[in-house]
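Content type compact mmCIF, C-alpha atoms, from the file input.txt:
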```
# COMPACT_ATOMS: atom_id res chain seq x y z
CA MET A 23 5.35 -8.52 -11.43
CA GLY A 24 8.52 -6.58 -10.59
CA VAL A 25 9.93 -4.48 -7.74
CA SER A 26 7.61 -1.83 -6.23
CA CYS A 27 8.12 1.18 -3.98
CA VAL A 28 5.20 2.86 -2.20
CA TYR A 29 5.34 6.40 -0.80
CA SER A 30 2.89 8.71 0.91
CA TYR A 31 2.48 12.00 -0.98
CA PRO A 32 1.63 15.10 1.10
CA VAL A 33 -1.55 17.09 0.50
CA VAL A 34 -0.48 20.72 0.84
CA GLU A 35 -2.62 23.18 2.74
CA GLY A 36 -5.13 24.97 0.55
CA ARG A 37 -5.58 22.06 -1.86
CA SER A 38 -7.97 19.15 -1.68
CA GLY A 39 -6.95 15.53 -2.14
CA VAL A 40 -8.79 15.44 -5.48
CA GLN A 41 -6.80 18.44 -6.73
CA VAL A 42 -3.46 16.92 -5.74
CA VAL A 43 -4.34 13.57 -7.35
CA ASP A 44 -5.32 15.41 -10.52
CA ILE A 45 -1.98 17.27 -10.55
CA LEU A 46 -0.06 14.00 -10.11
CA GLN A 47 -2.05 12.31 -12.88
CA LYS A 48 -1.39 15.15 -15.31
CA GLN A 49 2.28 15.08 -14.34
CA VAL A 50 2.75 11.39 -15.19
CA GLU A 51 0.70 11.79 -18.38
CA LEU A 52 3.04 14.61 -19.48
CA MET A 53 5.92 12.17 -18.92
CA GLY A 54 4.29 9.90 -21.51
CA ALA A 55 2.51 7.43 -19.22
CA MET A 56 -0.70 5.85 -20.52
CA ARG A 57 -3.74 4.98 -18.40
CA VAL A 58 -4.22 1.22 -18.25
CA GLY A 59 -7.12 0.88 -15.85
CA ASN A 60 -7.73 1.11 -12.12
CA PHE A 61 -6.31 -0.56 -9.03
CA LEU A 62 -7.40 -1.23 -5.45
CA VAL A 63 -5.53 -2.27 -2.31
CA ASP A 64 -7.63 -2.75 0.83
CA CYS A 65 -6.97 -3.77 4.42
CA GLU A 66 -9.20 -5.00 7.21
CA THR A 67 -7.78 -5.45 10.70
CA TYR A 68 -8.75 -8.08 13.25
CA GLN A 69 -8.03 -8.11 16.99
CA SER A 70 -7.60 -11.30 19.00
CA VAL A 71 -10.32 -11.89 21.60
CA MET A 72 -8.77 -14.38 24.03
CA LEU A 73 -5.04 -13.66 23.88
CA ASN A 74 -3.36 -11.42 26.45
CA PRO A 75 -1.68 -9.26 25.33
CA SER A 76 -3.97 -9.08 22.33
CA LYS A 77 -2.65 -9.77 18.83
CA THR A 78 -3.46 -8.00 15.58
CA LEU A 79 -4.02 -9.64 12.21
CA HIS A 80 -4.25 -7.58 9.00
CA ILE A 81 -6.01 -9.02 5.94
CA LEU A 82 -5.10 -7.28 2.67
CA HIS A 83 -6.19 -7.66 -0.95
CA ASN A 84 -4.59 -6.28 -4.11
CA SER A 85 -6.34 -6.06 -7.48
CA GLU A 86 -2.97 -6.95 -9.08
CA HIS A 87 -3.36 -10.39 -7.43
CA PRO A 88 -7.13 -10.98 -7.46
CA ALA A 89 -6.88 -14.65 -6.46
CA SER A 90 -4.70 -13.97 -3.39
CA CYS A 91 -5.29 -12.90 0.19
CA PHE A 92 -2.45 -11.52 2.32
CA ALA A 93 -2.52 -12.08 6.10
CA ILE A 94 0.09 -10.09 8.04
CA LEU A 95 0.81 -10.37 11.77
CA ASP A 96 2.22 -7.65 14.07
CA SER A 97 5.64 -9.25 13.64
CA GLY A 98 5.53 -8.70 9.87
CA SER A 99 5.16 -12.43 9.16
CA THR A 100 3.12 -12.76 5.99
CA LEU A 101 0.90 -15.59 4.81
CA ILE A 102 -0.20 -15.56 1.18
CA SER A 103 -3.23 -17.75 0.49
CA ASP A 104 -6.20 -17.87 -1.86
CA THR A 105 -9.34 -15.85 -1.22
CA LEU A 106 -10.96 -18.73 0.72
CA PHE A 107 -9.01 -17.31 3.67
CA ASN A 108 -11.67 -14.57 3.89
CA GLY A 109 -14.26 -17.21 4.70
CA LEU A 110 -11.97 -18.71 7.31
CA MET A 111 -11.94 -15.42 9.24
CA SER A 112 -15.71 -15.51 9.63
CA ASN A 113 -15.34 -18.96 11.19
CA LEU A 114 -12.76 -17.59 13.64
CA LYS A 115 -14.97 -14.80 15.00
CA ASN A 116 -14.71 -16.27 18.53
CA TYR A 117 -10.94 -15.73 18.32
CA TYR A 118 -10.49 -12.71 16.03
CA GLN A 119 -12.95 -9.86 15.59
CA ALA A 120 -12.81 -7.15 12.94
CA ARG A 121 -12.11 -3.67 14.27
CA LYS A 122 -15.09 -1.43 13.62
CA GLY A 123 -14.43 1.47 11.26
CA ALA A 124 -10.90 0.25 10.57
CA LYS A 125 -11.26 -0.79 6.91
CA ILE A 126 -8.87 1.26 4.81
CA GLU A 127 -8.13 1.25 1.09
CA SER A 128 -6.06 2.92 -1.61
CA LYS A 129 -7.60 3.10 -5.06
CA GLY A 130 -7.10 5.07 -8.23
CA GLN A 131 -5.61 5.13 -11.72
CA ARG A 132 -2.96 2.76 -13.01
CA TYR A 133 -0.43 3.94 -15.65
CA GLN A 134 2.14 2.27 -17.89
CA LEU A 135 5.39 4.06 -18.79
CA ALA A 136 7.76 1.79 -20.73
CA ASP A 137 8.90 -0.85 -18.18
CA PHE A 138 7.25 0.96 -15.25
CA VAL A 139 3.77 0.79 -13.76
CA ILE A 140 2.68 3.87 -11.80
CA LYS A 141 -0.30 3.88 -9.43
CA ILE A 142 -1.75 7.00 -7.82
CA GLY A 143 -4.17 6.07 -5.06
CA SER A 144 -6.53 8.03 -2.86
CA VAL A 145 -6.57 6.55 0.65
CA SER A 146 -9.89 6.38 2.47
CA LEU A 147 -10.60 5.15 6.00
CA ALA A 148 -14.23 4.24 6.70
CA GLY A 149 -15.18 6.23 3.59
CA SER A 150 -13.27 9.39 4.59
CA PHE A 151 -10.27 10.68 2.56
CA LYS A 152 -6.98 10.40 4.47
CA GLY A 153 -4.13 10.82 1.99
CA ILE A 154 -2.40 9.82 -1.25
CA LEU A 155 -0.13 6.86 -1.97
CA VAL A 156 2.10 6.61 -5.03
CA GLU A 157 3.43 3.22 -6.11
CA VAL A 158 6.02 2.76 -8.83
CA GLU A 159 6.88 -0.74 -10.07
CA TYR A 160 9.79 -1.72 -12.30
CA ARG A 161 8.71 -4.85 -14.13
CA PRO A 162 11.92 -6.37 -15.61
CA SER A 163 13.67 -7.02 -12.26
CA LEU A 164 12.95 -8.98 -9.08
CA ILE A 165 16.04 -7.88 -7.11
CA PRO A 166 15.52 -4.44 -5.48
CA SER A 167 19.23 -3.54 -5.25
CA GLU A 168 19.63 -4.06 -9.01
CA CYS A 169 16.91 -1.58 -9.99
CA TRP A 170 16.75 0.88 -7.06
CA ASN A 171 18.61 3.65 -8.95
CA LEU A 172 16.17 3.40 -11.87
CA LEU A 173 13.19 3.41 -9.50
CA LYS A 174 14.62 6.32 -7.51
CA GLU A 175 15.14 8.43 -10.65
CA LEU A 176 11.54 8.01 -11.78
CA LEU A 177 10.09 8.30 -8.28
CA GLN A 178 11.91 11.56 -7.59
CA SER A 179 10.56 13.03 -10.82
CA ILE A 180 7.06 12.32 -9.45
CA VAL A 181 7.23 12.68 -5.65
CA GLY A 182 10.52 14.56 -5.16
CA ASN A 183 12.97 13.92 -2.32
CA ILE A 184 10.44 11.77 -0.45
CA ALA A 185 12.01 8.93 -2.45
CA GLU A 186 15.59 9.61 -1.35
CA ASN A 187 15.74 6.19 0.35
CA PRO A 188 13.91 2.88 -0.20
CA PRO A 189 10.78 2.29 1.92
CA PRO A 190 11.66 0.72 5.32
CA SER A 191 10.18 -2.73 4.62
CA LEU A 192 12.02 -2.85 1.28
CA LYS A 193 15.33 -1.52 2.59
CA VAL A 194 15.92 -4.67 4.66
CA LYS A 195 15.27 -6.90 1.62
CA MET A 196 17.30 -5.15 -1.07
CA ASP A 197 19.23 -8.27 -2.09
CA GLU A 198 16.33 -10.71 -1.74
CA LEU A 199 13.91 -11.92 -4.39
CA TYR A 200 10.97 -9.50 -4.41
CA THR A 201 7.52 -10.94 -3.66
CA PRO A 202 3.98 -9.47 -3.66
CA GLY A 203 4.05 -9.78 0.13
CA THR A 204 6.68 -7.01 0.29
CA SER A 205 4.31 -4.68 -1.57
CA MET A 206 1.61 -5.45 0.98
CA LEU A 207 4.00 -4.75 3.87
CA GLN A 208 4.69 -1.32 2.36
CA TYR A 209 0.99 -0.54 2.01
CA LEU A 210 0.33 -1.78 5.54
CA GLU A 211 2.98 0.56 7.00
CA HIS A 212 1.22 3.53 5.40
CA PHE A 213 -2.26 2.31 6.36
CA ILE A 214 -1.18 2.01 10.02
CA ASN A 215 0.26 5.55 9.93
CA TYR A 216 -2.96 6.95 8.43
CA ARG A 217 -5.01 5.21 11.11
CA LYS A 218 -2.79 6.61 13.87
CA ALA A 219 -3.06 10.12 12.40
CA ALA A 220 -6.85 9.78 12.21
CA ALA A 221 -7.02 8.63 15.85
CA ILE A 222 -4.89 11.59 16.99
CA SER A 223 -7.04 14.09 15.06
CA GLN A 224 -10.29 12.84 16.57
CA PRO A 225 -11.61 15.11 19.35
CA PRO A 226 -11.84 13.51 22.79
CA ARG A 227 -15.27 12.30 23.84
```

Hey, can you dump this file as structure tokens for me?
Amino acid sequence: MGVSCVYSYPVVEGRSGVQVVDILQKQVELMGAMRVGNFLVDCETYQSVMLNPSKTLHILHNSEHPASCFAILDSGSTLISDTLFNGLMSNLKNYYQARKGAKIESKGQRYQLADFVIKIGSVSLAGSFKGILVEVEYRPSLIPSECWNLLKELLQSIVGNIAENPPPSLKVKMDELYTPGTSMLQYLEHFINYRKAAAISQPPR
């Protein structure tokens, strides 16, 4: 594990998500990256039943850490536990209930390019395509400030000026030891934005 940056990549008008993913994949392959399998990051969101105001709890999983479960509160506080935590949530159904139709995931191809791992994921919410996330990880370092310039150079060759600055949840931890929880915070920020966009685009009933 190293330092990761996650960015949302725009789907331009006139092209489908599949077409844009295909273009990105060919682009990184032309750079010399090799396919090394698939990846999946998913998120299910729970709402508190008895608390007022209500609280939100996000449960995330990452195929890079198959034995771990990431629980993130509204405040950004993150608990990393083993997958038995999933069973605990079913026992807490009187306190936290899963939001219907709120399960969201990013999945796709995983690539290796020297010391970098590149992931190009299609985001789907309740089975419907919502966008594209690109993650680039630099394996040799665990301090973001020490490898940001290297990450930025590669990221900009893939996603352009979107990667001018570090992602918000990483920017405040540039001199801290990087943890898998920071990757999950980045994914969660994007997942929340995709959900908001989907809610706005839904016609009123």

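Shortest separation to Lys129 in chain A among A:Gly54, A:Gly153, A:Gly109, A:Gly98 occurs at residue A:Gly153, atoms counted being all atoms listed in the file.
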
Can you write out as a tab-separated table which residues of range 110-171 of chain A fall within 8 Å of range 70-73 of chain A, alongside each residue's closest atom pair and its distance in Å to one decimal, counting all atoms listed in the file and ordering rows by chain and ascending residue number?
```
residue	atom	partner	partner_atom	distance
A:Asn116	CA	A:Val71	CA	6.9
A:Tyr117	CA	A:Val71	CA	5.1
A:Tyr118	CA	A:Ser70	CA	4.4
A:Gln119	CA	A:Ser70	CA	6.5
```

Inset, instruction - Report the distance between CA of Glu66 in chain A and CA of Ala120 in chain A in Å, rounded to one decimal place. - result: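 A separation of 7.1 Å between them.
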
Inset, instruction - Name the residues, using the chain letters and numbers of the file, that sit within 12 Å of (-3.8, -10.2, -0.5) when counting only C-alpha atoms, and give them as a PyMOL selection string. - result: chain A and resi 62-66+80-94+100-108+201-207+209-210

Legend entry - Pairwise distance for CA of Ile184 in chain A and CA of Leu79 in chain A, rounded to one decimal in Å: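 CA of Ile184 in chain A sits 28.8 Å away from CA of Leu79 in chain A.
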
Legend entry - Atom-to-atom span, CA of Glu35 in chain A and CA of Arg57 in chain A, Å: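 Calculated distance between CA of Glu35 in chain A and CA of Arg57 in chain A is 27.9 Å.
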
Inset, instruction - Using all atoms listed in the file, pick whichever of A:Val145, A:Cys169, A:Leu164, A:Leu177 has the shortest atom-to-atom distance to Tyr200 in chain A. - result: A:Leu164

Legend entry - Within 9 Å of file point (-16.3, -3.9, 5.5), counting all atoms listed in the file, expressed as a list in words: Glu66, Ala120, Lys122, Gly123, Ala124, Lys125 and Ala148 of chain A

Inset, instruction - Point out the residue among A:Val28, A:Ala219, A:Leu176, A:Leu192 with the least atom-to-atom distance to Phe138 in chain A, counting all atoms listed in the file. - result: A:Leu176

Inset, instruction - Within 7 Å of Gly143 in chain A, counting all atoms listed in the file, which residues show up once you throw out same-chain ones fewer than 3 positions away? Write them as a count of residues only, please. - result: 7

Legend entry - For Cys27 in chain A: contacts at 10 Å, only C-alpha atoms, fewer than 4 positions along chain excluded, given as a VMD selection string: chain A and resid 140 156 to 160 166 170 173 to 174 177 185 188 to 192 204 to 205 208 to 209
